[in-house]
Each structure stands twice: as structure tokens, then as C-alpha cells.
Amino acid sequence: MTIEYLKRGKPESERSEDDAKVRAIVEATLKDIETRGDAAVRDLSEKFDGFSPPSFRLTASEIEAAMQKVSARDMADIDFAQTQIRRFAEAQKASLHDIEVETIPGVILGHRNIPVQSVGCYVPGGKFPMVASAHMSVLTAAVAGVPRIVASAPPQKGEPHPAIVAAMHKAGAHEIYVLGGMQAVGAMALGTETIQPVDMLVGPGNAFVAEAKRQLFGRVGIDLFAGPTETMVIADTTVDAEMCATDLLGQAEHGYNSPAVLVTNSRRLAQETLAEIERLLSLLPTAETARVSWRDYGEVIVCDTYKAMLDVANDLASEHVQVMTDRDDWFLRNMHSYGALFLGPRTNVANGDKVIGTNHTLPTKKAGRYTGGLWVGKFIKTHSYQKVVTDAAAADIGAYCSRLCLLEGFVGHAEQANIRVRRYGGRNIGYGQPA
């Protein structure tokens with residue numbers, strides 16, 4: 001099996017240095033928010049966004065005023081996208097069921113699916129206002145039945161972004177804040193004098209937002225570690241260089257550190273794609289960003305077999321995986337580590353990002369090895385319960401429990417079982433003796 005890199009990105013050591021700088025900044029920022037609350041949030045908003053309104057939370061009239069600025073066509077497109085996302089989320093929720101089963105006579109076990117009670121949804125702004133992220137987080141939480149949904153996005157040119165506000169409101173947000181970056185994530189998770197803390201944080205963001213979520217995890221729940229966008233194209237000679245280059249650059253424009261990787265078994269396609277990327281960079285309006293991202297994080301990998309392509313893809317566990325080969329369903333059956341798959345040349349990552357209905361908040365930095373992306377189930381906790389409803393079952397299961405507790409040396413545990421064997425089974429068992 002042969003794997004050859006025609007192009008490599010930044011070495012891992014340099015990427016680790018960047019991560020260390022981000023960690024230190026985020027740690028200090030979160031500590032400041034926890035200590036000074038609203039004052040720290042306001043200072044950060046002024047520093048990073050030049051924005052300091054009387055209140056960061058929008059009133060009903062401010063929401064309505066923002067929505068009035070959205071054109072009818074844009075509003076119709078938002079409605080269409082939310083309809084697709086709602087349909088898929090509702091189908092996912094329908095697959096989740098409460099259960100109750102009698103495992104042995106008199107012993108009943110079950111679980112209930114209960115929504116998280118409050119969620120903070122972050123919608124990125126940055127270079128691009130991520131309207132679609134409002135659908136993906138707020139709408140999915142609403143379908144899950146979350147009773148308090150807080151949404152936050154940075155200002156654009158000194159005011160709320162109208163389309164983002166419209167998307168948040170129509171998706172079902174109960175509170176909308178005009179806050180960006182670390183200050184938004186920190187305020188929602190830690191709480192301030194004017195913002196009640198949430199139980200869970202969701203939504204993508206830049207490296208600082210991702211690191212803030214990582215540091216806050218445990219204090220609150222998070223959806224997943226969603227860092228800078230990643231894309232991988234798995235292609236053979238059934239597609240051409242223009243298609244591959246377009247799909248790589250279409251995601252590289254996200255930011256200066258968005259990995260884009262081509263995995264192919266055709267050296268010719270690899271070389272032609274490298275040339276086509278240079279041609280498209282001369283035309284792409286967002287080339288300033290995409291060029292840096294491709295230079296530092298772009299990779300082209302040539303493999304000698306489809307099995308080698310599969311192994312490379314599973315090892316990299318990219319966020320978005322575009323598969324365009326003569327055996328797309330084979331990759332679907334055999335891929336096990338990724339964020340989302342986009343199968344065949346007729347689909348593309350942008351579909352998933354914006355409108356088709358699947359969720360675009362996906363695992364990055366190889367987190368696809370142990371988690372999938374955001375979905376309605378992420379907002380739902382599955383809690384078990386048990387009850388013993390007959391004397392015979394209490395005595396029977398209690399005897400097993402008593403002996404197994406004593407096997408481990410837990411006398412107090414055993415006595416919890418023994419008292420029930422004595423009361424419901426009529427057996428005289430001394431303290432700390434096996435039933």
C-alpha cells in the first residue's frame with residue numbers, strides 16, 4: 001500500500017503552538033468574565049466589536065425592526081431552509097423512544113428522554129454572517145423541546161445582523177443577544193448580572209470560541225468540539241479537477257486555518273487539481289482567505305488503492321467528506337470516522353452547510369472518531385429508572401445484590417439489599433451477612 005503526499009500543510013508542531021496561544025488567551029478571558037460579569041463582557045464587546053449598547057439583549061420591538069430589514073426573497077429562503085432542517089430533526093426525534101420493560105417478574109426497568117432545560121446557541125459572525133447556524137442550533141433545540149433557548153451572534157457594522165436575528169427568532173429563540181466570540185460563550189455559560197447561565201453550549205465558531213467551549217465543558221455541557229472548518233475530497237477519475245478544486249476552495253474560504261485535503265488514486269487528477277486551484281484562486285473573490293488556508297493547511301494525498309484512500313480518510317476523520325468515486329456506497333458502508341458524508345458529484349458540502357436538512361455543526365480535529373455531529377438527540381438526556389413491584393422480586397434480586405456487594409467489600413451496600421430480603425422475603429439475615 002502506497003501513500004504519497006504531493007502537498008502538505010503546516011507541521012503539527014506549528015499548529016500546536018497556535019493552539020497554546022489561544023488556550024492562554026481564553027483562560028484569562030473566562031476568568032475575567034467570571035470575576036467581573038457584565039463589566040467584563042462590555043469591555044470585550046467594545047474591544048473586539050466596537051459595540052456597547054444599553055442592553056445586549058434585543059427587545060421584541062428591536063427583533064421586529066431587524067426582521068423588517070430582511071428582503072422578502074431572503075426571508076422565503078430562510079423559511080425554506082428551516083423547513084428542511086425541521087423535517088429532518090423531527091424524523092430524528094421520532095426515532096427516540098421512552099422504554100419500559102419487565103426484565104424478570106416484578107422488576108421493571110426503563111428510560112425517559114428529557115430535554116436539556118436551557119441551551120446557549122452561538123451563531124458566528126466574523127468574516128461571514130453564519131445565518132445557517134441559527135437554523136442548525138436554535139431550530140434543532142426547539143424541535144427537541146428545550147424550554148429555554150438563548151441565542152447570541154456578534155454585531156455587523158455596529159448593529160444586529162437582520163437575517164441572523166430573523167433566523168434566530170423564527171427558529172424559536174427565547175432570548176437573543178448581540179454578543180460575539182468568547183464574551184458570548186463565556187456569558188451564556190458562566191452567567192452575569194443580566195444573563196442567566198445555561199446548562200449547555202452549542203454552535204460552531206473560531207478557534208477562540210472552540211477553546212472556550214473546551215474549557216467550559218464539565219461546568220456546562222457542549223455539543224462537540226467544533227473548531228475551524230475542515231473538508232476532504234475523496235475522488236477518482238469519475239470527476240475532473242475543476243470539481244475537486246471547487247469543492248476544496250469552497251470550504252477553504254471559511255478562514256485562514258481551514259484544512260482542505262484531496263485524497264485520490266489518480267496522480268494525474270491530483271496534479272491537475274493543484275493547477276486548477278491556482279487558476280480559481282485568481283478568480284475567487286474570497287481568495288485572500290482561501291489562498292492562505294490552502295497554503296498552510298491544504299494537502300494532496302495520492303494512494304495506490306481504494307483501500308488506502310479509505311484508511312487515510314478514516315485516520316484524518318475530517319469534518320466534511322465529499323466522496324466522488326465509482327463506489328460511493330462502498331465508502332458509505334466502510335467510513336467510520338468523519339463529521340458528515342456528501343456522496344456523489346451532484347451533492348456538495350455547501351448543501352449541508354446551508355439548506356438540505358442535515359446539521360452543519362460537526363466534529364473537527366479528529367473528534368469524528370468518537371462523536372457524530374449536532375442533532376436533535378444532543379439536546380435530549382436519556383435517564384434510566386427502576387422499580388421493584390413484588391415482595392418476591394425484592395427478596396430475589398436483593399439476595400444477588402447482597403452477595404455481589406460483599407464480594408467487593410461494601411458492607412453498607414449489602415445491608416441496603418439485606419433489609420429488603422428480611423422485610424419482603426422473611427429471611428433472618430444478620431448485619432453484614434450475605435443473603
# chains A, B, ... in the order shown; residues from 1 in each chain; ligands from 1
call {"tool": "closest_atom_pairs", "arguments": {"of": "range 30-99 of chain A", "to": "range 158-171 of chain A", "cutoff": "10 Å", "atoms": "only C-alpha atoms", "output": "CSV"}}
result
residue,atom,partner,partner_atom,distance
A:Asp49,CA,A:Gly158,CA,7.6
A:Gly50,CA,A:Gly158,CA,7.1
A:Phe51,CA,A:Gly158,CA,6.0
A:Ser52,CA,A:Gly158,CA,8.9
A:Pro53,CA,A:Glu159,CA,9.1
A:Phe56,CA,A:Pro160,CA,9.8
A:Leu58,CA,A:Pro160,CA,8.8
A:Ala60,CA,A:His169,CA,9.8
A:Glu62,CA,A:Pro160,CA,9.1
A:Ile63,CA,A:Val165,CA,6.6
A:Glu64,CA,A:Ala166,CA,8.3
A:Ala65,CA,A:Pro162,CA,8.4
A:Ala66,CA,A:Pro162,CA,4.7
A:Met67,CA,A:Ala166,CA,5.2
A:Gln68,CA,A:Pro162,CA,7.9
A:Lys69,CA,A:Pro162,CA,6.1
A:Val70,CA,A:Ala163,CA,6.0
A:Ser71,CA,A:Ala163,CA,9.0
A:Asp74,CA,A:Ala163,CA,7.8
A:Met75,CA,A:Ala163,CA,7.8
A:Ile78,CA,A:Ala167,CA,6.7
A:Asp79,CA,A:Lys170,CA,8.2
A:Ala81,CA,A:Ala167,CA,9.9
A:Gln82,CA,A:Ala171,CA,7.3
A:Thr83,CA,A:Ala171,CA,9.9
A:Arg86,CA,A:Ala171,CA,9.1
call {"tool": "residues_around", "arguments": {"residues": "Leu284 in chain A", "least_positions_apart": "4", "cutoff": "10 Å", "atoms": "only C-alpha atoms", "output": "list in words"}}
result
Thr246, Leu249, Gly250, Glu253, Arg279, Leu280, Glu288, Thr289, Ala290 and Arg291 of chain A
call {"tool": "closest_residue", "arguments": {"among": "A:Gln183, A:Lys47, A:Val116, A:Ser55", "to": "Lys213 in chain A", "atoms": "only C-alpha atoms"}}
result
A:Gln183
call {"tool": "closest_atom_pairs", "arguments": {"of": "range 229-323 of chain A", "to": "range 344-351 of chain A", "cutoff": "12 Å", "atoms": "only C-alpha atoms", "output": "CSV"}}
result
residue,atom,partner,partner_atom,distance
A:Thr229,CA,A:Val349,CA,11.0
A:Glu230,CA,A:Val349,CA,10.5
A:Thr231,CA,A:Val349,CA,8.3
A:Met232,CA,A:Val349,CA,9.9
A:Val233,CA,A:Val349,CA,10.0
A:Ile234,CA,A:Gly344,CA,10.1
A:Ala235,CA,A:Gly344,CA,9.6
A:Asp236,CA,A:Gly344,CA,11.3
A:Thr237,CA,A:Pro345,CA,11.9
A:Thr238,CA,A:Pro345,CA,9.1
A:Val239,CA,A:Pro345,CA,7.5
A:Asp240,CA,A:Pro345,CA,10.2
A:Glu242,CA,A:Pro345,CA,11.6
A:Met243,CA,A:Pro345,CA,8.0
A:Cys244,CA,A:Pro345,CA,9.5
A:Thr246,CA,A:Asn348,CA,10.1
A:Asp247,CA,A:Asn348,CA,7.3
A:Leu248,CA,A:Val349,CA,9.7
A:Leu249,CA,A:Val349,CA,11.2
A:Gly250,CA,A:Ala350,CA,7.8
A:Gln251,CA,A:Val349,CA,8.0
A:Ala252,CA,A:Val349,CA,11.7
A:Glu253,CA,A:Ala350,CA,11.9
A:His254,CA,A:Ala350,CA,11.5
A:Glu319,CA,A:Val349,CA,10.1
A:His320,CA,A:Val349,CA,6.7
A:Val321,CA,A:Val349,CA,7.9
A:Gln322,CA,A:Asn348,CA,6.7
A:Val323,CA,A:Gly344,CA,5.8
call {"tool": "residues_around", "arguments": {"residues": "Lys381 in chain A", "least_positions_apart": "4", "cutoff": "8 Å", "atoms": "only C-alpha atoms", "output": "list of chain:residue names"}}
result
A:Asn113, A:Ile114, A:Pro115, A:Val116, A:Gly377
call {"tool": "atom_distance", "arguments": {"atom1": "CA of Val209 in chain A", "atom2": "CA of Ala367 in chain A"}}
result
16.3 Å
call {"tool": "residues_around", "arguments": {"residues": "range 327-338 of chain A", "least_positions_apart": "6", "cutoff": "9 Å", "atoms": "only C-alpha atoms", "output": "PDB file with C-alpha atoms, in the first residue's frame"}}
result
ATOM      1  CA  LEU A 310     -10.322   4.669   2.872  1.00  0.00           C
ATOM      2  CA  ASP A 311      -7.632   4.183   5.526  1.00  0.00           C
ATOM      3  CA  ALA A 313      -9.806   9.166   5.219  1.00  0.00           C
ATOM      4  CA  ASN A 314     -10.703   7.286   8.405  1.00  0.00           C
ATOM      5  CA  ASP A 315      -7.409   8.304  10.003  1.00  0.00           C
ATOM      6  CA  LEU A 316      -7.864  12.014   9.235  1.00  0.00           C
ATOM      7  CA  ALA A 317     -11.529  11.907  10.335  1.00  0.00           C
ATOM      8  CA  SER A 318     -12.342  15.143   8.523  1.00  0.00           C
ATOM      9  CA  GLU A 319     -15.407  17.230   9.327  1.00  0.00           C
ATOM     10  CA  HIS A 320     -16.801  17.231   5.776  1.00  0.00           C
ATOM     11  CA  VAL A 321     -16.045  14.348   3.421  1.00  0.00           C
ATOM     12  CA  GLY A 344     -21.646  11.764  -5.405  1.00  0.00           C
ATOM     13  CA  LEU A 362     -19.896  18.770  13.002  1.00  0.00           C
ATOM     14  CA  PRO A 363     -16.840  17.329  14.811  1.00  0.00           C
ATOM     15  CA  THR A 364     -13.381  18.621  13.858  1.00  0.00           C
ATOM     16  CA  LYS A 366     -10.464  14.067  14.607  1.00  0.00           C
ATOM     17  CA  ALA A 367     -13.368  14.187  17.077  1.00  0.00           C
ATOM     18  CA  GLY A 368     -15.327  12.208  14.476  1.00  0.00           C
ATOM     19  CA  ARG A 369     -13.556   9.158  15.917  1.00  0.00           C
ATOM     20  CA  TYR A 370     -15.833   9.305  18.975  1.00  0.00           C
ATOM     21  CA  THR A 371     -18.806  11.543  18.214  1.00  0.00           C
ATOM     22  CA  GLY A 372     -21.145  12.482  15.425  1.00  0.00           C
TER      23      GLY A 372
END
call {"tool": "closest_residue", "arguments": {"among": "A:Ala212, A:Leu224, A:Ile429, A:Leu374", "to": "Leu139 in chain A", "atoms": "only C-alpha atoms"}}
result
A:Leu374
call {"tool": "select_by_dssp", "arguments": {"residues": "range 230-368 of chain A", "states": "strand (DSSP E)", "output": "PyMOL selection string"}}
result
chain A and resi 231-235+260-264+298-303+320-324+340-343
call {"tool": "closest_residue", "arguments": {"among": "A:Ala142, A:Ala392, A:Leu404, A:Ala210", "to": "Gly227 in chain A", "atoms": "only C-alpha atoms"}}
result
A:Ala210
